[in-house]
file run03.cif (mmCIF, C-alpha atoms)
data_target
#
loop_
_atom_site.label_atom_id
_atom_site.label_comp_id
_atom_site.auth_asym_id
_atom_site.auth_seq_id
_atom_site.Cartn_x
_atom_site.Cartn_y
_atom_site.Cartn_z
CA MET A 6 -68.66 53.75 22.53
CA LEU A 7 -66.68 53.07 25.73
CA LYS A 8 -63.53 52.43 23.69
CA LYS A 9 -63.88 55.81 21.99
CA THR A 10 -64.45 57.48 25.37
CA VAL A 11 -61.32 55.87 26.86
CA ILE A 12 -59.23 57.01 23.88
CA SER A 13 -60.67 60.54 24.10
CA ILE A 14 -59.86 60.86 27.80
CA PHE A 15 -56.34 59.47 27.26
CA LEU A 16 -55.67 61.97 24.46
CA LEU A 17 -57.05 64.77 26.64
CA PHE A 18 -54.60 63.79 29.40
CA ILE A 19 -51.69 64.01 26.96
CA SER A 20 -52.73 67.30 25.37
CA ILE A 21 -53.45 69.08 28.66
CA SER A 22 -50.21 67.83 30.21
CA SER A 23 -48.24 69.05 27.19
CA TYR A 24 -50.09 72.37 27.25
CA SER A 25 -49.12 72.93 30.86
CA GLN A 26 -45.52 71.68 30.50
CA ASN A 27 -44.91 74.14 27.68
CA GLY A 28 -45.90 76.99 29.94
CA TYR A 29 -48.98 78.15 28.06
CA GLY A 30 -51.42 77.03 30.75
CA GLY A 31 -49.61 78.64 33.68
CA ASN A 32 -46.29 78.73 35.51
CA TYR A 33 -46.80 75.86 37.94
CA THR A 34 -48.41 72.47 38.31
CA GLU A 35 -49.38 70.28 41.25
CA ILE A 36 -49.37 66.59 42.04
CA GLY A 37 -51.55 65.03 44.73
CA PHE A 38 -51.90 61.72 46.55
CA MET A 39 -55.06 60.56 48.32
CA THR A 40 -56.61 57.64 50.14
CA GLY A 41 -59.71 56.90 52.18
CA PRO A 42 -62.70 54.64 52.86
CA VAL A 43 -65.44 53.94 50.29
CA PHE A 44 -69.05 52.94 51.05
CA PHE A 45 -71.23 51.24 48.42
CA LYS A 46 -74.90 51.29 47.62
CA SER A 47 -75.13 47.83 46.07
CA ASP A 48 -77.57 44.98 45.42
CA TYR A 49 -76.41 43.30 48.62
CA GLY A 50 -78.92 43.71 51.46
CA GLU A 51 -82.20 45.56 51.80
CA ARG A 52 -82.89 48.68 49.77
CA GLY A 53 -82.45 51.76 51.92
CA SER A 54 -80.62 49.89 54.68
CA PHE A 55 -77.93 52.05 56.28
CA GLU A 56 -76.30 48.95 57.79
CA ASN A 57 -75.65 47.52 54.33
CA PHE A 58 -74.35 50.88 53.10
CA GLU A 59 -72.06 51.20 56.12
CA LYS A 60 -70.68 47.64 56.14
CA ASN A 61 -70.30 47.08 52.40
CA ASN A 62 -67.20 49.18 52.22
CA GLY A 63 -63.60 49.25 51.06
CA PHE A 64 -60.78 51.68 50.34
CA SER A 65 -59.46 53.84 47.55
CA ILE A 66 -56.02 55.20 46.68
CA GLY A 67 -55.19 57.64 43.92
CA ILE A 68 -52.86 60.15 42.33
CA SER A 69 -53.86 63.47 40.76
CA TYR A 70 -52.22 65.95 38.42
CA TYR A 71 -53.60 69.48 38.56
CA VAL A 72 -53.46 72.05 35.81
CA SER A 73 -53.99 75.75 36.49
CA THR A 74 -54.17 78.63 34.01
CA ILE A 75 -52.99 81.51 36.14
CA ASN A 76 -51.53 83.43 33.18
CA ASN A 77 -54.64 83.26 31.02
CA PHE A 78 -58.24 84.46 31.42
CA ARG A 79 -57.38 86.82 34.27
CA GLY A 80 -60.10 86.65 36.93
CA LEU A 81 -61.44 83.23 35.95
CA GLU A 82 -58.28 81.37 36.95
CA ASP A 83 -58.79 82.29 40.60
CA ASN A 84 -61.79 79.98 40.77
CA PHE A 85 -61.02 76.89 38.65
CA LYS A 86 -58.57 74.01 38.40
CA LEU A 87 -58.52 70.96 36.13
CA ARG A 88 -57.71 67.71 37.92
CA LEU A 89 -56.50 64.63 36.02
CA GLU A 90 -56.78 61.52 38.14
CA ALA A 91 -55.93 57.81 38.29
CA SER A 92 -57.17 55.69 41.21
CA TYR A 93 -57.73 52.16 42.47
CA THR A 94 -60.69 51.04 44.59
CA LYS A 95 -61.45 47.73 46.33
CA ALA A 96 -64.56 46.74 48.33
CA ASP A 97 -66.13 43.57 49.77
CA PHE A 98 -69.84 42.75 50.03
CA LYS A 99 -72.22 40.66 52.11
CA HIS A 100 -75.91 40.73 52.97
CA TYR A 101 -76.78 42.38 56.29
CA GLY A 102 -80.07 42.98 58.10
CA LYS A 103 -83.12 41.12 59.33
CA TYR A 104 -83.21 38.64 56.43
CA VAL A 105 -79.86 37.15 57.44
CA ASP A 106 -80.49 37.04 61.20
CA PRO A 107 -78.88 33.83 62.58
CA SER A 108 -82.17 32.94 64.31
CA ASN A 109 -83.79 32.55 60.87
CA THR A 110 -83.11 28.96 59.76
CA SER A 111 -84.93 29.09 56.41
CA LEU A 112 -83.13 28.07 53.23
CA PHE A 113 -83.54 31.60 51.85
CA SER A 114 -81.88 33.14 54.89
CA SER A 115 -79.06 30.58 54.78
CA GLN A 116 -78.48 31.31 51.10
CA LEU A 117 -78.26 35.06 51.76
CA ARG A 118 -75.87 34.54 54.68
CA GLY A 119 -73.64 32.42 52.47
CA MET A 120 -73.38 34.94 49.61
CA TYR A 121 -70.34 37.19 49.31
CA GLY A 122 -68.75 39.35 46.67
CA SER A 123 -66.01 41.83 45.92
CA THR A 124 -65.21 44.47 43.37
CA SER A 125 -62.01 46.24 42.42
CA PHE A 126 -61.60 48.85 39.74
CA SER A 127 -58.99 51.13 38.26
CA SER A 128 -60.25 54.56 37.22
CA LEU A 129 -58.98 57.19 34.82
CA GLY A 130 -60.65 60.53 34.39
CA PHE A 131 -60.76 64.24 35.13
CA GLN A 132 -62.69 66.71 37.24
CA VAL A 133 -63.22 70.44 37.09
CA GLU A 134 -62.73 71.97 40.53
CA TYR A 135 -64.58 75.18 41.31
CA TYR A 136 -63.42 77.38 44.20
CA PRO A 137 -66.19 79.87 45.17
CA PHE A 138 -63.75 82.22 46.88
CA LYS A 139 -60.22 81.71 45.54
CA THR A 140 -57.87 78.83 44.87
CA ASP A 141 -54.78 78.25 47.00
CA ASP A 142 -52.47 78.62 44.00
CA TYR A 143 -48.73 78.56 44.49
CA ASN A 144 -47.53 81.58 46.48
CA ARG A 145 -50.69 83.61 45.85
CA GLY A 146 -53.89 82.15 47.33
CA ALA A 147 -55.75 81.68 50.59
CA SER A 148 -54.70 79.17 53.26
CA PHE A 149 -58.16 77.57 53.40
CA SER A 150 -59.93 76.94 50.09
CA PRO A 151 -63.24 75.03 49.85
CA TYR A 152 -64.22 73.66 46.44
CA LEU A 153 -66.78 71.72 44.42
CA SER A 154 -65.82 69.30 41.63
CA PHE A 155 -67.48 67.29 38.87
CA GLY A 156 -66.23 65.08 36.04
CA PRO A 157 -66.31 61.78 34.09
CA HIS A 158 -64.27 58.63 34.69
CA ILE A 159 -63.66 55.36 32.87
CA ASN A 160 -63.31 52.32 35.15
CA TYR A 161 -61.99 48.84 34.48
CA VAL A 162 -63.95 46.71 36.95
CA SER A 163 -63.21 43.17 38.17
CA VAL A 164 -65.97 41.46 40.19
CA THR A 165 -66.25 38.22 42.16
CA SER A 166 -69.50 36.61 43.33
CA GLY A 167 -69.63 33.45 45.44
CA SER A 168 -71.18 31.53 48.30
CA THR A 169 -69.85 29.63 51.30
CA LEU A 170 -72.48 26.98 50.50
CA GLY A 171 -70.86 26.12 47.17
CA GLU A 172 -70.79 27.43 43.63
CA LEU A 173 -73.54 29.93 42.81
CA GLY A 174 -76.13 28.88 40.28
CA THR A 175 -77.78 25.96 42.07
CA SER A 176 -81.04 25.80 44.04
CA ILE A 177 -79.04 25.03 47.20
CA THR A 178 -76.70 28.02 47.06
CA THR A 179 -78.61 30.74 45.21
CA PRO A 180 -81.80 32.63 46.14
CA GLN A 181 -84.27 32.79 43.27
CA LYS A 182 -83.75 36.56 43.04
CA TYR A 183 -80.12 36.08 42.04
CA PHE A 184 -80.45 33.23 39.53
CA GLY A 185 -78.79 34.51 36.36
CA ALA A 186 -78.18 37.83 38.13
CA TYR A 187 -74.60 37.41 39.32
CA ARG A 188 -71.34 37.86 37.48
CA ASN A 189 -67.63 37.09 37.75
CA GLY A 190 -64.96 38.70 35.58
CA GLY A 191 -64.05 42.09 34.15
CA MET A 192 -65.82 44.90 32.34
CA THR A 193 -65.38 48.55 31.41
CA VAL A 194 -67.84 51.00 32.96
CA ALA A 195 -68.26 54.76 32.68
CA SER A 196 -69.07 56.88 35.72
CA LEU A 197 -69.59 60.45 36.89
CA THR A 198 -68.07 61.86 40.06
CA GLY A 199 -68.95 64.86 42.16
CA ALA A 200 -67.30 66.09 45.35
CA ILE A 201 -67.24 68.78 47.99
CA GLY A 202 -63.93 69.42 49.69
CA ALA A 203 -61.37 71.88 50.97
CA ARG A 204 -57.62 72.50 50.81
CA TYR A 205 -55.46 73.76 53.62
CA LYS A 206 -52.13 75.26 52.60
CA LEU A 207 -49.24 74.35 54.90
CA SER A 208 -46.71 76.43 52.96
CA ASP A 209 -46.06 77.69 49.43
CA TYR A 210 -45.31 74.18 48.20
CA HIS A 211 -47.43 71.92 50.41
CA SER A 212 -51.16 71.50 51.03
CA LEU A 213 -53.50 69.00 52.65
CA PHE A 214 -57.02 68.34 51.40
CA ALA A 215 -60.15 66.45 52.39
CA GLU A 216 -63.21 65.74 50.26
CA LEU A 217 -66.48 63.84 50.32
CA ARG A 218 -67.02 62.26 46.91
CA GLY A 219 -69.90 60.47 45.23
CA GLN A 220 -69.43 58.25 42.17
CA TYR A 221 -72.35 57.07 40.03
CA PHE A 222 -71.78 54.17 37.63
CA PHE A 223 -73.59 53.70 34.33
CA SER A 224 -74.01 50.02 35.16
CA ASP A 225 -75.68 47.88 37.83
CA TRP A 226 -72.98 45.17 37.59
CA VAL A 227 -70.20 46.92 39.52
CA ASP A 228 -70.99 44.89 42.67
CA GLY A 229 -71.39 41.65 40.64
CA LEU A 230 -75.18 41.45 41.15
CA ASN A 231 -78.06 42.75 39.02
CA PRO A 232 -81.52 41.28 39.76
CA ASN A 233 -84.19 41.69 37.09
CA LYS A 234 -85.61 45.20 37.59
CA ALA A 235 -88.93 44.25 36.00
CA VAL A 236 -89.50 41.53 38.61
CA TYR A 237 -87.65 42.88 41.63
CA THR A 238 -88.76 46.49 41.52
CA GLU A 239 -86.74 47.43 44.61
CA ASN A 240 -83.69 47.16 42.33
CA LYS A 241 -84.28 50.65 40.97
CA SER A 242 -80.90 52.21 40.32
CA ASN A 243 -77.37 51.52 39.17
CA ASP A 244 -74.55 51.05 41.64
CA TRP A 245 -72.96 54.06 43.31
CA CYS A 246 -70.55 54.78 46.12
CA VAL A 247 -69.47 57.51 48.50
CA GLY A 248 -65.88 58.02 49.63
CA LEU A 249 -64.01 60.23 52.08
CA ASN A 250 -60.61 61.14 50.68
CA LEU A 251 -57.71 62.60 52.62
CA GLY A 252 -54.69 63.75 50.66
CA TYR A 253 -51.50 65.72 50.19
CA ILE A 254 -50.60 68.08 47.32
CA TYR A 255 -47.14 69.26 46.28
CA TYR A 256 -46.70 72.38 44.10
CA PHE A 257 -43.82 72.64 41.67
CA ASN A 258 -42.64 75.03 38.94
#

call {"tool": "encode", "arguments": {"input": "run03.cif", "output": "structure tokens"}}
result
Amino acid sequence: MLKKTVISIFLLFISISSYSQNGYGGNYTEIGFMTGPVFFKSDYGERGSFENFEKNNGFSIGISYYVSTINNFRGLEDNFKLRLEASYTKADFKHYGKYVDPSNTSLFSSQLRGMYGSTSFSSLGFQVEYYPFKTDDYNRGASFSPYLSFGPHINYVSVTSGSTLGELGTSITTPQKYFGAYRNGGMTVASLTGAIGARYKLSDYHSLFAELRGQYFFSDWVDGLNPNKAVYTENKSNDWCVGLNLGYIYYFN
């Protein structure tokens, strides 16, 4: 299923790019670059802990190719863009909170303090951007353009799980909750993204943008941990993250 989805998205990239290059989808395109911090809701730390959400973080970089249809569907084109995107994200994880307080000398607390992990993933996908007022299209739109976006991504994820106490999987290094619930290696995971953002046009050919994005993964292994949900009922949802992207867009004919 994932293989078919990857192929479908790849073919969509090619067909849309060709459509635009041939001039049928409009008379200009845009390319964008972005970067920013990413904050993870993961299986590290207490459920609902803001400290774990804040400190289990990383960064993301990406490149986007925008397609506009300003010659077709007159009226509709003022409010929509299609954004094709490739990005790379990296984040590191540890347990934070009262259960890892240095004053707690229990084996369980020591095991949690020793655990660490990381994830990195490359993403390919697209988003539909909706501009409630009007897009900042080349030489014709507003200087300030807020937008909403939504779309699917395919992610190749590489995770690492370990402990400063030694190799995970022993009664000395691993809390009972995480026996058989950690992973190292790679996998392919689908996700959905949604964002709220705004563009600011510097000139006809140059814009800046900022957006707050959420990404929900259809897997609970993206952070490398996945405790048994039937036993540890606090492990209710799959992994997700929130990022703040800052970027630059160049318009060209």

call {"tool": "resolve_selection", "arguments": {"input": "run03.cif", "expression": "the PyMOL selection byres ((chain A and resi 132) around 9)", "output": "PDB file with C-alpha atoms, in the coordinates of the input"}}
result
ATOM      1  CA  LYS A  86     -58.570  74.010  38.400  1.00  0.00           C
ATOM      2  CA  LEU A  87     -58.520  70.960  36.130  1.00  0.00           C
ATOM      3  CA  ARG A  88     -57.710  67.710  37.920  1.00  0.00           C
ATOM      4  CA  LEU A  89     -56.500  64.630  36.020  1.00  0.00           C
ATOM      5  CA  GLU A  90     -56.780  61.520  38.140  1.00  0.00           C
ATOM      6  CA  GLY A 130     -60.650  60.530  34.390  1.00  0.00           C
ATOM      7  CA  PHE A 131     -60.760  64.240  35.130  1.00  0.00           C
ATOM      8  CA  VAL A 133     -63.220  70.440  37.090  1.00  0.00           C
ATOM      9  CA  GLU A 134     -62.730  71.970  40.530  1.00  0.00           C
ATOM     10  CA  SER A 154     -65.820  69.300  41.630  1.00  0.00           C
ATOM     11  CA  PHE A 155     -67.480  67.290  38.870  1.00  0.00           C
ATOM     12  CA  GLY A 156     -66.230  65.080  36.040  1.00  0.00           C
ATOM     13  CA  PRO A 157     -66.310  61.780  34.090  1.00  0.00           C
ATOM     14  CA  HIS A 158     -64.270  58.630  34.690  1.00  0.00           C
ATOM     15  CA  THR A 198     -68.070  61.860  40.060  1.00  0.00           C
ATOM     16  CA  GLY A 199     -68.950  64.860  42.160  1.00  0.00           C
TER      17      GLY A 199
END

call {"tool": "residues_around", "arguments": {"input": "run03.cif", "residues": "A:Lys103", "least_positions_apart": "5", "cutoff": "12 Å", "atoms": "all atoms listed in the file", "output": "PyMOL selection string"}}
result
chain A and resi 50-51+54+56-57+108-109+114+117-118

call {"tool": "residues_around", "arguments": {"input": "run03.cif", "residues": "A:Arg204", "least_positions_apart": "2", "cutoff": "6 Å", "atoms": "all atoms listed in the file", "output": "mmCIF file with C-alpha atoms, in the frame of the given file"}}
result
data_model
loop_
_atom_site.group_PDB
_atom_site.id
_atom_site.type_symbol
_atom_site.label_atom_id
_atom_site.label_comp_id
_atom_site.auth_asym_id
_atom_site.auth_seq_id
_atom_site.Cartn_x
_atom_site.Cartn_y
_atom_site.Cartn_z
ATOM 1 C CA PHE A 149 -58.160 77.570 53.400
ATOM 2 C CA SER A 150 -59.930 76.940 50.090
ATOM 3 C CA LEU A 213 -53.500 69.000 52.650
ATOM 4 C CA PHE A 214 -57.020 68.340 51.400
#

call {"tool": "closest_residue", "arguments": {"input": "run03.cif", "among": "A:Val247, A:Ser47, A:Ser166, A:Gly119", "to": "A:Pro107", "atoms": "all atoms listed in the file"}}
result
A:Gly119

call {"tool": "resolve_selection", "arguments": {"input": "run03.cif", "expression": "the PyMOL selection byres ((chain A and resi 153) around 7)", "output": "list of chain:residue names"}}
result
A:Glu134, A:Tyr135, A:Tyr136, A:Tyr152, A:Ser154, A:Ala200, A:Ile201, A:Gly202

call {"tool": "atom_distance", "arguments": {"input": "run03.cif", "atom1": "atom CA of A:Asn243", "atom2": "atom CA of A:Met39"}}
result
25.8 Å

call {"tool": "resolve_selection", "arguments": {"input": "run03.cif", "expression": "the PyMOL selection byres ((chain A and resi 182-189) around 10)", "output": "number ranges by chain"}}
result
A: 48, 117, 122-124, 163-167, 173-176, 178-181, 190-192, 226-233, 236-237

call {"tool": "atom_distance", "arguments": {"input": "run03.cif", "atom1": "atom CA of A:Ser128", "atom2": "atom CA of A:Gln220"}}
result
11.1 Å

call {"tool": "atom_distance", "arguments": {"input": "run03.cif", "atom1": "atom CA of A:Ser212", "atom2": "atom CA of A:Pro151"}}
result
12.6 Å

call {"tool": "closest_residue", "arguments": {"input": "run03.cif", "among": "A:Ile254, A:Tyr93, A:Lys60, A:Tyr101", "to": "A:His211", "atoms": "only C-alpha atoms"}}
result
A:Ile254

call {"tool": "residues_around", "arguments": {"input": "run03.cif", "residues": "A:Leu249", "least_positions_apart": "2", "cutoff": "8 Å", "atoms": "only C-alpha atoms", "output": "count of residues only"}}
result
9

call {"tool": "residues_near_point", "arguments": {"input": "run03.cif", "point": "(-73.1, 49.9, 35.1)", "cutoff": "9 Å", "atoms": "only C-alpha atoms", "output": "PyMOL selection string"}}
result
chain A and resi 193-196+221-227+243-244
